[in-house]
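Have a look at my_file_7.cif; it's mmCIF, C-alpha atoms:
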```
data_final
#
loop_
_atom_site.label_atom_id
_atom_site.label_comp_id
_atom_site.auth_asym_id
_atom_site.auth_seq_id
_atom_site.Cartn_x
_atom_site.Cartn_y
_atom_site.Cartn_z
CA MET A 1 22.40 13.66 -12.78
CA ARG A 2 22.05 10.01 -11.74
CA CYS A 3 18.95 7.95 -12.48
CA ILE A 4 16.95 5.61 -10.29
CA LEU A 5 14.79 3.24 -12.32
CA GLN A 6 11.33 2.25 -11.14
CA LEU A 7 9.96 -0.92 -12.71
CA SER A 8 6.42 -2.06 -12.05
CA THR A 9 6.11 -5.83 -12.32
CA GLY A 10 2.40 -5.73 -11.48
CA SER A 11 0.27 -6.08 -8.37
CA PHE A 12 -0.33 -8.83 -5.82
CA SER A 13 -3.21 -10.04 -7.99
CA ARG A 14 -1.44 -10.03 -11.36
CA SER A 15 1.98 -9.92 -13.00
CA ALA A 16 2.33 -7.21 -15.63
CA CYS A 17 5.52 -8.26 -17.39
CA LYS A 18 7.64 -11.27 -18.21
CA ALA A 19 11.17 -11.74 -16.92
CA GLU A 20 12.74 -11.55 -20.36
CA GLU A 21 10.96 -8.26 -21.07
CA ALA A 22 12.08 -6.72 -17.79
CA VAL A 23 15.67 -7.89 -18.26
CA LYS A 24 15.83 -6.51 -21.79
CA MET A 25 14.52 -3.11 -20.72
CA LEU A 26 16.86 -2.94 -17.74
CA ALA A 27 19.86 -3.86 -19.89
CA TYR A 28 19.02 -1.09 -22.35
CA CYS A 29 18.67 1.46 -19.55
CA MET A 30 21.93 0.36 -17.95
CA GLN A 31 23.82 0.88 -21.18
CA THR A 32 22.12 4.17 -22.03
CA LEU A 33 21.89 6.00 -18.66
CA ASP A 34 23.84 6.51 -15.45
CA VAL A 35 21.79 4.25 -13.18
CA GLU A 36 22.32 4.33 -9.42
CA LYS A 37 19.45 2.18 -8.12
CA VAL A 38 16.61 0.00 -9.41
CA ILE A 39 13.26 -0.26 -7.63
CA PHE A 40 11.08 -3.18 -8.74
CA GLY A 41 7.87 -4.85 -7.62
CA TRP A 42 5.36 -5.73 -6.41
CA ALA A 43 3.93 -8.68 -8.34
CA ALA A 44 3.69 -11.80 -6.17
CA ASP A 45 6.06 -13.62 -8.50
CA VAL A 46 9.16 -14.79 -6.66
CA ALA A 47 10.69 -16.33 -9.80
CA LEU A 48 10.36 -13.01 -11.63
CA ASN A 49 12.03 -11.16 -8.76
CA GLN A 50 14.85 -13.70 -8.69
CA GLU A 51 15.47 -13.32 -12.42
CA ILE A 52 15.58 -9.50 -12.16
CA SER A 53 17.82 -9.70 -9.11
CA ARG A 54 20.30 -12.05 -10.80
CA MET A 55 20.48 -9.81 -13.84
CA LEU A 56 21.12 -6.72 -11.73
CA ASP A 57 23.86 -8.52 -9.80
CA GLN A 58 25.99 -7.95 -12.90
CA TYR A 59 25.82 -4.18 -12.53
CA PRO A 60 27.07 -1.76 -9.84
CA VAL A 61 23.56 -0.69 -8.84
CA GLU A 62 21.51 -0.99 -5.67
CA LYS A 63 18.34 -3.13 -5.74
CA TYR A 64 15.19 -2.21 -3.81
CA LEU A 65 11.97 -4.19 -3.55
CA TRP A 66 8.95 -1.96 -4.09
CA LEU A 67 6.71 -2.61 -1.08
CA PRO A 68 3.26 -1.09 -0.43
CA VAL A 69 2.64 -0.77 3.31
CA PHE A 70 -0.81 0.63 4.10
CA ALA A 71 -2.63 -0.27 0.88
CA GLU A 72 -2.86 -3.11 -1.63
CA ILE A 73 -1.92 -5.77 0.98
CA GLN A 74 -5.29 -5.97 2.72
CA ASP A 75 -6.31 -9.46 1.54
CA ARG A 76 -4.40 -11.40 4.21
CA GLU A 77 -6.55 -12.70 7.09
CA GLY A 78 -5.90 -10.77 10.27
CA VAL A 79 -4.95 -7.51 8.57
CA ARG A 80 -6.95 -4.73 10.22
CA PRO A 81 -8.89 -2.65 7.68
CA ASN A 82 -9.14 1.11 7.57
CA LYS A 83 -12.51 2.38 8.82
CA ASP A 84 -13.98 5.48 7.21
CA ILE A 85 -15.41 8.01 9.65
CA SER A 86 -18.69 8.21 7.72
CA ASP A 87 -18.93 4.58 6.53
CA GLN A 88 -19.46 6.00 3.06
CA LYS A 89 -18.32 4.09 0.01
CA LYS A 90 -15.17 5.69 -1.37
CA GLN A 91 -15.41 7.59 -4.62
CA GLU A 92 -14.15 5.96 -7.81
CA ILE A 93 -10.80 7.39 -8.82
CA ASN A 94 -8.71 7.22 -11.96
CA THR A 95 -6.08 4.50 -11.48
CA CYS A 96 -3.84 2.12 -13.37
CA LYS A 97 -4.95 -1.51 -13.61
CA GLY A 98 -4.15 -3.36 -10.38
CA ASP A 99 -4.11 -0.25 -8.17
CA ALA A 100 -6.96 -0.39 -5.68
CA PHE A 101 -5.85 2.18 -3.08
CA ASP A 102 -7.75 0.22 -0.43
CA PHE A 103 -6.03 1.22 2.79
CA VAL A 104 -5.53 -0.81 5.94
CA CYS A 105 -5.38 0.67 9.45
CA GLN A 106 -2.30 2.89 9.67
CA SER A 107 -1.76 2.28 13.41
CA SER A 108 -1.99 -1.53 13.35
CA GLN A 109 1.13 -3.44 14.41
CA GLU A 110 -0.25 -6.56 12.71
CA ASN A 111 -0.32 -4.72 9.41
CA MET A 112 3.29 -3.65 9.91
CA ALA A 113 4.36 -7.22 10.63
CA TYR A 114 2.58 -8.38 7.50
CA ALA A 115 4.48 -5.85 5.37
CA VAL A 116 7.78 -7.31 6.59
CA GLU A 117 6.46 -10.82 5.96
CA VAL A 118 5.58 -9.87 2.38
CA PHE A 119 9.08 -8.49 1.84
CA ASP A 120 10.60 -11.76 3.01
CA GLU A 121 8.27 -13.82 0.81
CA LEU A 122 9.00 -11.82 -2.33
CA THR A 123 12.79 -11.64 -1.93
CA LYS A 124 13.62 -15.30 -1.34
CA GLU A 125 17.11 -16.02 -2.73
CA CYS A 126 17.43 -12.40 -3.89
CA HIS A 127 20.38 -10.33 -2.77
CA MET A 128 18.57 -7.08 -2.03
CA ASP A 129 20.19 -3.83 -0.98
CA GLY A 130 17.04 -2.26 0.35
CA VAL A 131 13.30 -1.79 0.46
CA PHE A 132 11.28 1.00 -1.10
CA LEU A 133 8.25 1.85 1.06
CA ASP A 134 5.14 2.94 -0.82
CA ARG A 135 1.60 3.77 0.37
CA ILE A 136 2.99 5.09 3.66
CA ARG A 137 0.09 7.44 4.10
CA TYR A 138 -3.62 7.91 4.63
CA ALA A 139 -6.06 8.07 1.74
CA SER A 140 -6.32 11.48 0.10
CA ALA A 141 -9.29 13.66 -0.74
CA ALA A 142 -9.37 11.99 -4.16
CA GLY A 143 -11.45 9.23 -2.56
CA GLY A 144 -13.85 11.73 -0.97
CA ALA A 145 -13.63 14.40 1.72
CA SER A 146 -14.20 11.83 4.48
CA ALA A 147 -10.82 10.24 3.69
CA LEU A 148 -9.05 13.29 5.12
CA TYR A 149 -10.19 12.37 8.63
CA GLY A 150 -8.05 9.21 8.61
CA CYS A 151 -8.86 5.80 10.05
CA TRP A 152 -11.66 5.65 12.63
CA CYS A 153 -11.37 2.14 13.98
CA PRO A 154 -11.65 1.97 17.81
CA HIS A 155 -7.87 1.77 18.24
CA CYS A 156 -7.22 4.86 16.09
CA GLN A 157 -9.94 6.81 17.90
CA GLU A 158 -8.23 6.00 21.19
CA LEU A 159 -4.90 7.22 19.81
CA TYR A 160 -6.48 10.43 18.58
CA GLU A 161 -8.00 11.11 22.00
CA LYS A 162 -4.65 10.48 23.71
CA ASN A 163 -3.21 13.13 21.39
CA GLY A 164 -5.81 15.71 22.37
CA VAL A 165 -8.30 15.23 19.54
CA ASN A 166 -11.94 15.92 20.35
CA THR A 167 -13.34 12.92 18.48
CA GLY A 168 -16.95 13.92 19.11
CA GLU A 169 -16.42 17.31 17.50
CA ILE A 170 -14.54 15.77 14.57
CA ARG A 171 -17.44 13.36 13.98
CA ARG A 172 -19.82 16.30 13.95
CA MET A 173 -17.65 18.13 11.43
CA ALA A 174 -17.31 15.03 9.25
CA LYS A 175 -21.09 14.93 8.74
CA GLU A 176 -20.73 18.15 6.75
CA GLY A 177 -18.16 16.42 4.50
CA ASN A 178 -16.42 19.67 3.57
CA ALA A 179 -12.76 19.68 2.55
CA LYS A 180 -12.64 23.43 3.33
CA GLN A 181 -12.48 22.46 7.00
CA PHE A 182 -8.87 21.49 6.27
CA MET A 183 -7.81 25.00 5.33
CA PRO A 184 -4.14 25.59 6.27
CA LEU A 185 -3.34 28.67 8.33
CA GLU A 186 0.44 28.67 8.02
CA ARG A 187 3.32 26.49 6.85
CA ARG A 188 6.12 25.23 9.02
CA GLN A 189 8.68 23.65 6.69
CA SER A 190 6.76 20.72 5.17
CA VAL A 191 3.68 20.67 7.44
CA TYR A 192 0.79 23.01 8.12
CA ARG A 193 -1.05 24.49 11.03
CA TYR A 194 -4.75 24.50 10.28
CA GLU A 195 -7.32 27.24 10.89
CA ASP A 196 -9.61 24.95 12.86
CA GLN A 197 -8.00 23.87 16.15
CA GLU A 198 -9.73 20.47 16.19
CA ILE A 199 -8.63 19.71 12.65
CA ASP A 200 -5.13 20.88 13.56
CA ALA A 201 -5.01 18.40 16.46
CA LEU A 202 -6.28 15.58 14.21
CA MET A 203 -3.72 16.26 11.48
CA LYS A 204 -0.92 16.37 14.05
CA ALA A 205 -2.01 12.99 15.41
CA LYS A 206 -2.21 11.51 11.91
CA ARG A 207 1.30 12.59 10.97
CA GLN A 208 2.66 11.29 14.29
CA ILE A 209 1.14 7.86 13.58
CA ILE A 210 2.65 7.69 10.08
CA THR A 211 6.06 8.91 11.27
CA SER A 212 6.10 6.42 14.15
CA GLN A 213 5.07 3.47 11.99
CA VAL A 214 7.53 4.29 9.20
CA GLY A 215 10.27 4.79 11.78
CA ALA A 216 9.60 1.36 13.26
CA LEU A 217 9.75 -0.24 9.81
CA CYS A 218 13.01 1.57 9.06
CA ASP A 219 14.50 0.27 12.29
CA ARG A 220 13.54 -3.31 11.39
CA PHE A 221 15.02 -3.15 7.90
CA HIS A 222 18.09 -1.16 8.94
CA SER A 223 18.83 -3.78 11.61
CA ARG A 224 19.17 -6.28 8.74
CA GLY A 225 21.66 -4.06 6.96
CA LEU A 226 19.11 -2.96 4.36
CA LYS A 227 18.63 0.58 3.10
CA VAL A 228 15.21 2.22 2.99
CA GLY A 229 13.69 4.55 0.42
CA ALA A 230 10.31 6.22 0.77
CA ASP A 231 7.64 7.18 -1.76
CA THR A 232 5.80 10.33 -0.66
CA PHE A 233 3.39 12.89 -2.00
CA ALA A 234 4.77 16.18 -3.28
CA LEU A 235 5.39 18.71 -0.50
CA PRO A 236 2.29 20.92 -0.90
CA VAL A 237 -0.10 17.96 -0.55
CA ALA A 238 1.89 15.55 1.67
CA ASP A 239 0.61 16.81 5.02
CA PHE A 240 -2.99 16.16 3.99
CA VAL A 241 -2.20 12.41 3.94
CA GLY A 242 -0.21 12.39 7.19
CA GLN A 243 3.28 12.74 5.72
CA ASP A 244 5.68 15.03 7.60
CA MET A 245 8.39 15.16 4.96
CA ASP A 246 11.11 16.41 7.27
CA ALA A 247 10.40 13.75 9.87
CA LEU A 248 10.28 10.96 7.28
CA ALA A 249 13.40 12.14 5.43
CA LYS A 250 15.37 11.86 8.67
CA LYS A 251 14.45 8.19 9.02
CA VAL A 252 15.10 6.88 5.51
CA ASP A 253 18.16 6.67 3.30
CA PHE A 254 16.46 8.62 0.53
CA VAL A 255 13.05 10.15 0.00
CA LYS A 256 11.22 10.29 -3.33
CA PRO A 257 8.58 13.02 -3.45
CA MET A 258 6.27 12.28 -6.38
CA VAL A 259 6.49 15.55 -8.28
CA TYR A 260 4.07 14.27 -10.91
CA ILE A 261 2.97 17.29 -12.94
CA ARG A 262 1.45 15.40 -15.87
CA THR A 263 -0.49 12.69 -14.00
CA ASP A 264 -4.28 12.59 -13.74
CA ALA A 265 -4.41 9.95 -10.99
CA PRO A 266 -3.51 9.57 -7.28
CA ALA A 267 -0.23 11.35 -6.40
CA GLY A 268 -0.48 13.53 -9.50
CA ILE A 269 -0.07 17.09 -8.19
CA PRO A 270 -2.86 18.70 -10.28
CA PHE A 271 -5.11 15.71 -9.51
CA GLU A 272 -4.62 15.99 -5.74
CA LEU A 273 -4.92 19.79 -5.75
CA HIS A 274 -8.19 19.56 -7.66
CA SER A 275 -9.51 17.07 -5.09
CA LEU A 276 -8.78 19.54 -2.28
CA GLY A 277 -10.68 22.33 -4.01
CA SER A 278 -9.85 25.72 -5.45
CA SER A 279 -9.92 27.64 -2.15
CA ILE A 280 -7.32 25.36 -0.54
CA LYS A 281 -5.25 25.46 -3.74
CA LYS A 282 -5.25 29.26 -3.56
CA ARG A 283 -4.05 29.16 0.06
CA LEU A 284 -1.32 26.66 -0.79
CA ASP A 285 -0.09 28.90 -3.59
CA GLU A 286 0.20 31.71 -1.04
CA LEU A 287 2.04 29.55 1.48
CA TRP A 288 4.51 28.18 -1.07
CA GLY A 289 5.03 31.42 -3.00
CA GLY A 290 3.72 30.47 -6.41
CA ASP A 291 1.63 28.02 -8.42
CA THR A 292 1.94 24.73 -6.51
CA GLY A 293 0.99 22.83 -9.65
CA SER A 294 3.97 24.06 -11.68
CA MET A 295 7.32 22.52 -12.54
CA GLU A 296 9.12 25.59 -11.21
CA ALA A 297 7.47 25.19 -7.81
CA ALA A 298 8.38 21.50 -7.67
CA VAL A 299 12.03 22.29 -8.41
CA ARG A 300 12.15 24.94 -5.67
CA GLN A 301 10.61 22.53 -3.18
CA MET A 302 13.17 19.81 -3.96
CA GLN A 303 15.95 22.34 -3.57
CA GLU A 304 14.48 23.40 -0.23
CA LEU A 305 14.49 19.80 1.02
CA LYS A 306 18.05 19.21 -0.19
CA ASN A 307 19.23 22.39 1.49
CA ARG A 308 17.94 21.02 4.80
CA GLY A 309 20.38 18.14 4.43
CA TYR A 310 18.16 15.30 3.17
CA ILE A 311 18.92 12.80 0.41
CA VAL A 312 16.25 13.69 -2.13
CA ALA A 313 15.46 11.78 -5.32
CA PRO A 314 12.35 13.39 -6.85
CA GLY A 315 10.11 11.10 -8.85
CA ILE A 316 9.36 12.35 -12.37
CA ASP A 317 6.29 10.90 -14.11
CA ALA A 318 8.29 9.72 -17.11
CA ASN A 319 6.02 6.96 -18.43
CA ARG A 320 3.23 7.64 -20.88
CA ILE A 321 -0.02 5.85 -19.96
CA GLU A 322 -3.21 6.52 -21.89
CA GLY A 323 -5.76 8.36 -19.76
CA ILE A 324 -3.39 8.51 -16.77
CA CYS A 325 -0.14 10.26 -17.68
CA ASP A 326 0.59 12.30 -20.80
CA ALA A 327 4.34 12.76 -20.19
CA ASP A 328 6.50 13.16 -23.28
CA THR A 329 10.23 13.23 -23.91
CA ALA A 330 10.53 17.03 -23.89
CA TYR A 331 8.74 17.29 -20.53
CA VAL A 332 10.87 14.67 -18.81
CA LYS A 333 14.12 16.08 -20.18
CA GLU A 334 13.24 19.65 -19.22
CA PHE A 335 12.28 18.59 -15.69
CA LEU A 336 15.55 16.71 -15.15
CA GLN A 337 17.61 19.58 -16.53
CA LYS A 338 15.95 22.08 -14.21
CA LEU A 339 16.47 19.81 -11.22
CA GLU A 340 20.14 19.41 -12.14
CA VAL A 341 20.62 23.18 -12.37
CA ALA A 342 19.05 23.43 -8.89
CA GLY A 343 21.69 21.05 -7.52
CA ILE A 344 19.59 17.88 -7.33
CA GLU A 345 21.93 14.95 -7.94
CA ARG A 346 19.50 12.09 -8.66
CA ALA A 347 15.94 11.52 -9.80
CA VAL A 348 13.60 8.55 -10.15
CA LEU A 349 12.19 7.71 -13.57
CA SER A 350 8.69 6.90 -12.39
CA TRP A 351 6.73 4.87 -12.05
CA ASN A 352 7.25 2.21 -14.68
CA ILE A 353 10.15 2.14 -17.14
CA MET A 354 8.33 -0.65 -19.00
CA GLN A 355 6.02 2.07 -20.33
CA MET A 356 8.70 4.55 -21.29
CA SER A 357 9.62 4.99 -24.94
CA GLU A 358 13.03 4.17 -26.34
CA GLU A 359 13.18 7.75 -27.63
CA THR A 360 12.74 9.16 -24.11
CA ILE A 361 15.40 6.90 -22.62
CA ARG A 362 17.83 7.70 -25.42
CA GLU A 363 17.24 11.46 -25.13
CA LEU A 364 17.75 11.39 -21.37
CA ALA A 365 21.33 10.26 -21.92
CA ASP A 366 22.10 13.96 -22.52
CA VAL A 367 21.21 14.63 -18.87
CA CYS A 368 22.22 11.27 -17.36
CA PRO A 369 25.16 10.08 -19.49
CA PRO A 370 26.30 6.54 -18.68
CA HIS A 371 29.60 5.72 -17.04
CA GLU A 372 31.66 2.74 -18.11
CA LYS A 373 30.28 -0.29 -16.29
CA GLU A 374 31.48 -3.83 -15.93
CA THR A 375 28.58 -5.95 -17.10
CA GLY A 376 27.80 -9.53 -17.95
CA GLN A 377 26.67 -10.76 -21.34
CA HIS A 378 23.56 -8.62 -21.64
CA LYS A 379 23.82 -6.46 -24.73
CA SER A 380 20.98 -4.56 -26.28
CA GLU A 381 20.50 -2.42 -29.36
CA GLY A 382 17.08 -1.35 -28.11
CA PHE A 383 13.94 -2.99 -26.91
#
```
Now, as a test, write the supplied structure out as structure tokens.
Amino acid sequence: MRCILQLSTGSFSRSACKAEEAVKMLAYCMQTLDVEKVIFGWAADVALNQEISRMLDQYPVEKYLWLPVFAEIQDREGVRPNKDISDQKKQEINTCKGDAFDFVCQSSQENMAYAVEVFDELTKECHMDGVFLDRIRYASAAGGASALYGCWCPHCQELYEKNGVNTGEIRRMAKEGNAKQFMPLERRQSVYRYEDQEIDALMKAKRQIITSQVGALCDRFHSRGLKVGADTFALPVADFVGQDMDALAKKVDFVKPMVYIRTDAPAGIPFELHSLGSSIKKRLDELWGGDTGSMEAAVRQMQELKNRGYIVAPGIDANRIEGICDADTAYVKEFLQKLEVAGIERAVLSWNIMQMSEETIRELADVCPPHEKETGQHKSEGF
């Protein structure tokens, strides 16, 4: 099993670590584990990125800038905001400091151009191998049932209508504000057909918008010789936020479904299932053949994706964050071992190695033993 490290340096509004701290942690991980790639970002600190990049140049690993696309970057003038169908204030959700989950319009070309501009700003004088696309989705039901209807700016409404959506009927349904309207009827690989025909048309249009926009971004970065990774929801809940996993996996160099079993925050599987409601959870269990909130189900789903020929690197919630994620060493190790038995070759230690314990990293060497690497002068006995 190979590891991909995910290092959160903060948000656009604040840096969460110092360069020397990040370098020390990375050096320890490099010496302790078999590391294939490092994903870092997205603090607006070019000097910090340069220091991390220079350090990683000494190791045979790929470097990816962590880049949010449809959320967190909404402060720039000219970026088109996401418009809620009901104009209701979104519900407060449990998040880490710096995570706002304020989405921009998913169909806006200006927003796409801004994402590329941000990448260029944050990687000046850095020799990057790729970009890791995050927030490539619509808001989930965690922010309220109205979020499931997507963006309702005039441009998005026009796109929906071109794709056969009866926007008048959807507006009528949205007034009821009932997540049960999004009850799946059947599963087709990683997407659903929905019981209500109007909802089914809307969800199809939403996933087409996300797939098209992500594909366009991939083309832009691939044309520069950069690789692209993608952060996605776990399979049972991905379609509710517009993510067609099969379509996205065909466009990127690797896909990272967030199989977060121990996370009580956005992208956490139990958290998102609870937001959808017990009746939808029951239907999802039927469609996926077991408890969709379990580790066993997540492993089967990753194996299913891999068997369809995609490069899959599941994200394991390996950091322990008070009130957000209660992962411990035994949980992370067991998850990786089960994935390895299922034939999964790599996994992402998510979502911030700066908040992983030395014990966990050391214990994971049993599953991800390091290879001999040529390194520079960085040596570490711990952190």
Please compute the CA of Gly144 in chain A-CA of Gly277 in chain A distance, one decimal, in Å.
11.5 Å
To one decimal in Å, tell me the separation between CA of Leu56 in chain A and CA of Glu20 in chain A.
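Spanning CA of Leu56 in chain A to CA of Glu20 in chain A is a straight-line distance of 13.0 Å.
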If you take every atom of range 146-163 of chain A that the file lists and fit an axis-aligned box around them with 3 Å extra on each side, what centre and edge lengths come out in Å to one decimal, as lines of an AutoDock Vina configuration file?
```
center_x = -8.7
center_y = 7.5
center_z = 13.7
size_x = 17.0
size_y = 17.5
size_z = 26.0
```
Smallest atom-to-atom distance to Arg283 in chain A: which of A:Pro257, A:Pro184, A:Pro236, A:Gly143, using only C-alpha atoms?
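Once distances to Arg283 in chain A are computed over only C-alpha atoms, the minimum belongs to A:Pro184.
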Given all atoms listed in the file as the basis, pick out the residue of A:Ala113, A:Val241, A:Leu235, A:Leu276 nearest to Asn178 in chain A.
A:Leu276
Looking at A:Leu185, A:Ala115, A:Leu5, A:Ala205, which one is nearest to Gln243 in chain A, with distances taken over all atoms listed in the file?
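For Gln243 in chain A, the nearest of the candidates is A:Ala205.
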